[in-house]
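Participant: Got a file for you: coords.pdb, PDB, C-alpha atoms.
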ATOM      1  CA  MET A 167     -20.174 149.029 177.407
ATOM      2  CA  GLU A 168     -17.582 150.260 174.985
ATOM      3  CA  ARG A 169     -17.585 148.466 171.606
ATOM      4  CA  ARG A 170     -15.132 148.946 168.731
ATOM      5  CA  SER A 171     -14.917 147.544 165.215
ATOM      6  CA  GLY A 172     -12.864 144.385 164.661
ATOM      7  CA  TYR A 173     -12.109 141.725 167.233
ATOM      8  CA  ARG A 174     -11.012 142.842 170.651
ATOM      9  CA  ALA A 175      -9.163 140.486 172.973
ATOM     10  CA  LEU A 176      -8.122 140.526 176.612
ATOM     11  CA  ILE A 177      -5.218 138.351 177.733
ATOM     12  CA  VAL A 178      -4.973 137.511 181.433
ATOM     13  CA  GLU A 179      -1.537 135.965 182.008
ATOM     14  CA  ASP A 180       0.920 136.454 184.867
ATOM     15  CA  ASP A 181       3.961 135.329 182.825
ATOM     16  CA  GLY A 182       5.149 138.456 181.011
ATOM     17  CA  ALA A 183       6.890 136.546 178.206
ATOM     18  CA  ILE A 184       3.766 134.517 177.368
ATOM     19  CA  LEU A 185       1.586 137.620 177.625
ATOM     20  CA  ASN A 186       3.795 139.545 175.179
ATOM     21  CA  LEU A 187       4.025 136.622 172.739
ATOM     22  CA  VAL A 188       0.261 136.079 172.637
ATOM     23  CA  LYS A 189      -0.311 139.823 172.274
ATOM     24  CA  ILE A 190       2.063 140.054 169.297
ATOM     25  CA  VAL A 191       0.555 136.995 167.605
ATOM     26  CA  LEU A 192      -3.030 138.248 167.947
ATOM     27  CA  GLU A 193      -2.144 141.769 166.839
ATOM     28  CA  ARG A 194      -0.653 140.267 163.670
ATOM     29  CA  GLU A 195      -4.068 138.668 163.132
ATOM     30  CA  SER A 196      -5.741 142.108 163.362
ATOM     31  CA  PHE A 197      -7.036 141.770 166.911
ATOM     32  CA  THR A 198      -7.005 144.797 169.178
ATOM     33  CA  VAL A 199      -5.338 143.371 172.285
ATOM     34  CA  GLU A 200      -5.067 144.384 175.910
ATOM     35  CA  GLY A 201      -3.103 142.339 178.401
ATOM     36  CA  VAL A 202      -3.049 142.233 182.181
ATOM     37  CA  ARG A 203      -1.010 140.249 184.675
ATOM     38  CA  ARG A 204      -3.600 140.117 187.454
ATOM     39  CA  SER A 205      -7.184 138.853 187.470
ATOM     40  CA  SER A 206      -8.288 141.858 189.497
ATOM     41  CA  GLU A 207      -7.186 144.113 186.610
ATOM     42  CA  ALA A 208      -9.160 141.906 184.216
ATOM     43  CA  ILE A 209     -12.320 142.270 186.310
ATOM     44  CA  ALA A 210     -11.955 146.060 186.224
ATOM     45  CA  LEU A 211     -11.645 146.012 182.417
ATOM     46  CA  LEU A 212     -14.425 143.468 181.918
ATOM     47  CA  SER A 213     -16.846 145.713 183.793
ATOM     48  CA  THR A 214     -16.384 148.524 181.238
ATOM     49  CA  VAL A 215     -15.206 146.963 177.960
ATOM     50  CA  ALA A 216     -16.904 144.374 175.720
ATOM     51  CA  TYR A 217     -14.334 141.834 174.507
ATOM     52  CA  ASP A 218     -14.767 139.364 171.666
ATOM     53  CA  LEU A 219     -12.172 137.037 173.150
ATOM     54  CA  LEU A 220     -10.685 136.355 176.572
ATOM     55  CA  ILE A 221      -7.522 134.281 176.927
ATOM     56  CA  LEU A 222      -7.166 133.301 180.562
ATOM     57  CA  ASP A 223      -4.325 131.588 182.390
ATOM     58  CA  LEU A 224      -5.971 129.289 184.912
ATOM     59  CA  MET A 225      -3.255 129.651 187.566
ATOM     60  CA  MET A 226      -3.130 133.330 188.524
ATOM     61  CA  PRO A 227      -1.457 134.782 191.639
ATOM     62  CA  ASP A 228      -4.250 137.008 192.969
ATOM     63  CA  ILE A 229      -7.644 135.698 191.881
ATOM     64  CA  GLY A 230      -7.613 132.254 190.287
ATOM     65  CA  GLY A 231      -8.865 131.675 186.772
ATOM     66  CA  GLU A 232     -11.838 129.646 187.981
ATOM     67  CA  ALA A 233     -12.940 132.544 190.213
ATOM     68  CA  LEU A 234     -12.694 134.878 187.218
ATOM     69  CA  LEU A 235     -14.862 132.467 185.221
ATOM     70  CA  ASP A 236     -17.377 132.465 188.089
ATOM     71  CA  TYR A 237     -17.402 136.279 187.909
ATOM     72  CA  LEU A 238     -18.131 136.096 184.177
ATOM     73  CA  ASP A 239     -20.834 133.494 184.770
ATOM     74  CA  GLU A 240     -22.575 135.883 187.173
ATOM     75  CA  THR A 241     -22.120 139.109 185.190
ATOM     76  CA  GLN A 242     -21.717 138.138 181.506
ATOM     77  CA  PRO A 243     -22.680 134.462 181.079
ATOM     78  CA  LYS A 244     -22.728 134.618 177.258
ATOM     79  CA  SER A 245     -19.081 135.699 177.231
ATOM     80  CA  LEU A 246     -17.965 132.333 178.663
ATOM     81  CA  ARG A 247     -18.305 130.864 175.174
ATOM     82  CA  ARG A 248     -15.571 133.306 174.061
ATOM     83  CA  VAL A 249     -13.018 132.206 176.669
ATOM     84  CA  ILE A 250      -9.846 130.249 175.956
ATOM     85  CA  VAL A 251      -8.306 128.845 179.130
ATOM     86  CA  THR A 252      -4.577 128.110 179.109
ATOM     87  CA  THR A 253      -3.081 125.685 181.603
ATOM     88  CA  ALA A 254      -0.106 123.417 182.092
ATOM     89  CA  SER A 255      -2.377 120.852 183.806
ATOM     90  CA  PRO A 256      -5.263 120.086 181.427
ATOM     91  CA  ALA A 257      -5.909 116.643 182.945
ATOM     92  CA  LYS A 258      -7.241 118.324 186.093
ATOM     93  CA  MET A 259     -10.125 120.011 184.247
ATOM     94  CA  SER A 260     -13.588 118.581 184.831
ATOM     95  CA  CYS A 261     -16.075 118.061 182.011
ATOM     96  CA  GLU A 262     -18.429 120.540 183.697
ATOM     97  CA  PHE A 263     -15.672 123.156 183.706
ATOM     98  CA  LEU A 264     -14.828 122.568 180.053
ATOM     99  CA  HIS A 265     -18.468 122.933 178.952
ATOM    100  CA  ARG A 266     -18.491 126.506 180.282
ATOM    101  CA  ILE A 267     -15.746 127.810 177.975
ATOM    102  CA  CYS A 268     -14.944 127.928 174.265
ATOM    103  CA  ARG A 269     -11.651 125.998 174.332
ATOM    104  CA  LEU A 270      -8.822 124.728 176.518
ATOM    105  CA  LEU A 271      -5.255 125.295 175.323
ATOM    106  CA  SER A 272      -2.506 123.268 176.989
ATOM    107  CA  LYS A 273       0.837 124.893 177.759
ATOM    108  CA  PRO A 274       3.193 124.892 176.043
ATOM    109  CA  PHE A 275       0.973 125.639 173.067
ATOM    110  CA  ASP A 276       1.502 125.947 169.344
ATOM    111  CA  ILE A 277       1.133 129.503 168.007
ATOM    112  CA  HIS A 278      -0.708 128.327 164.887
ATOM    113  CA  GLU A 279      -3.199 126.438 167.045
ATOM    114  CA  LEU A 280      -3.656 129.564 169.165
ATOM    115  CA  VAL A 281      -4.528 131.613 166.073
ATOM    116  CA  LEU A 282      -7.069 129.061 164.825
ATOM    117  CA  ILE A 283      -8.729 128.753 168.225
ATOM    118  CA  ALA A 284      -8.745 132.539 168.744
ATOM    119  CA  ARG A 285     -10.548 133.062 165.433
ATOM    120  CA  GLU A 286     -13.042 130.315 166.254
ATOM    121  CA  CYS A 287     -13.832 131.608 169.747
ATOM    122  CA  ALA A 288     -14.072 135.293 168.733
ATOM    123  CA  GLU A 289     -16.747 134.605 166.103
ATOM    124  CA  PRO A 290     -20.245 135.662 167.203
TER
END
Is it possible to express this structure as structure tokens?

Facilitator:
Amino acid sequence: MERRSGYRALIVEDDGAILNLVKIVLERESFTVEGVRRSSEAIALLSTVAYDLLILDLMMPDIGGEALLDYLDETQPKSLRRVIVTTASPAKMSCEFLHRICRLLSKPFDIHELVLIARECAEP
């Protein structure tokens, strides 16, 4: 797996405006950021690149966020603790689901909260 210095983040978000905003915010915080709009693209990247942080929209058009988490659980279980899940429906999340990830971030979210959570979840 490829590994670079500094924190590296992958954003999986089908809304282009949210994807660009999160990318800009994290780059200002010295993250190296890649963003994709489809879960299938994320799976391709995750198979070759080691990320310190994954920000995942739960409701994706091709492969749902929960299926992507299942993929991580099978292939890179330790990376689940570096996942931030974003969703507009946080009340629907089970306790079992929430224990698998680092944090849940409800949409719409505060940019300052995003930065704090991103730093927390990217730490080894």

Participant: Do a neighbour search on stretch 243-251 of chain A at 12 Å with all atoms listed in the file, toss out local chain neighbours closer than 4 positions, and write the hits as a ChimeraX atom specification.

Facilitator: /A:173-179,212,215-226,230-232,234-239,255-256,259,263-273,275,279-290

Participant: What does the distance from atom CA of A:Val199 to atom CA of A:Leu211 come to in Å, to one decimal?

Facilitator: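 Rounded to one decimal, the two atoms are 12.2 Å apart.
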
Participant: Using Å and a single decimal, report how far atom CA of A:Glu207 sits from atom CA of A:Asp228.

Facilitator: 10.0 Å

Participant: Which one is closest to A:Asp180: A:Phe197, A:Thr252, A:Ser213, A:Gln242? Count only C-alpha atoms.

Facilitator: A:Thr252

Participant: Taking into account only C-alpha atoms, which residue in the set A:Thr241, A:His278, A:Pro227, A:Ser205 is nearest to A:Leu192?

Facilitator: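 Counting only C-alpha atoms, the residue closest to A:Leu192 is A:His278.
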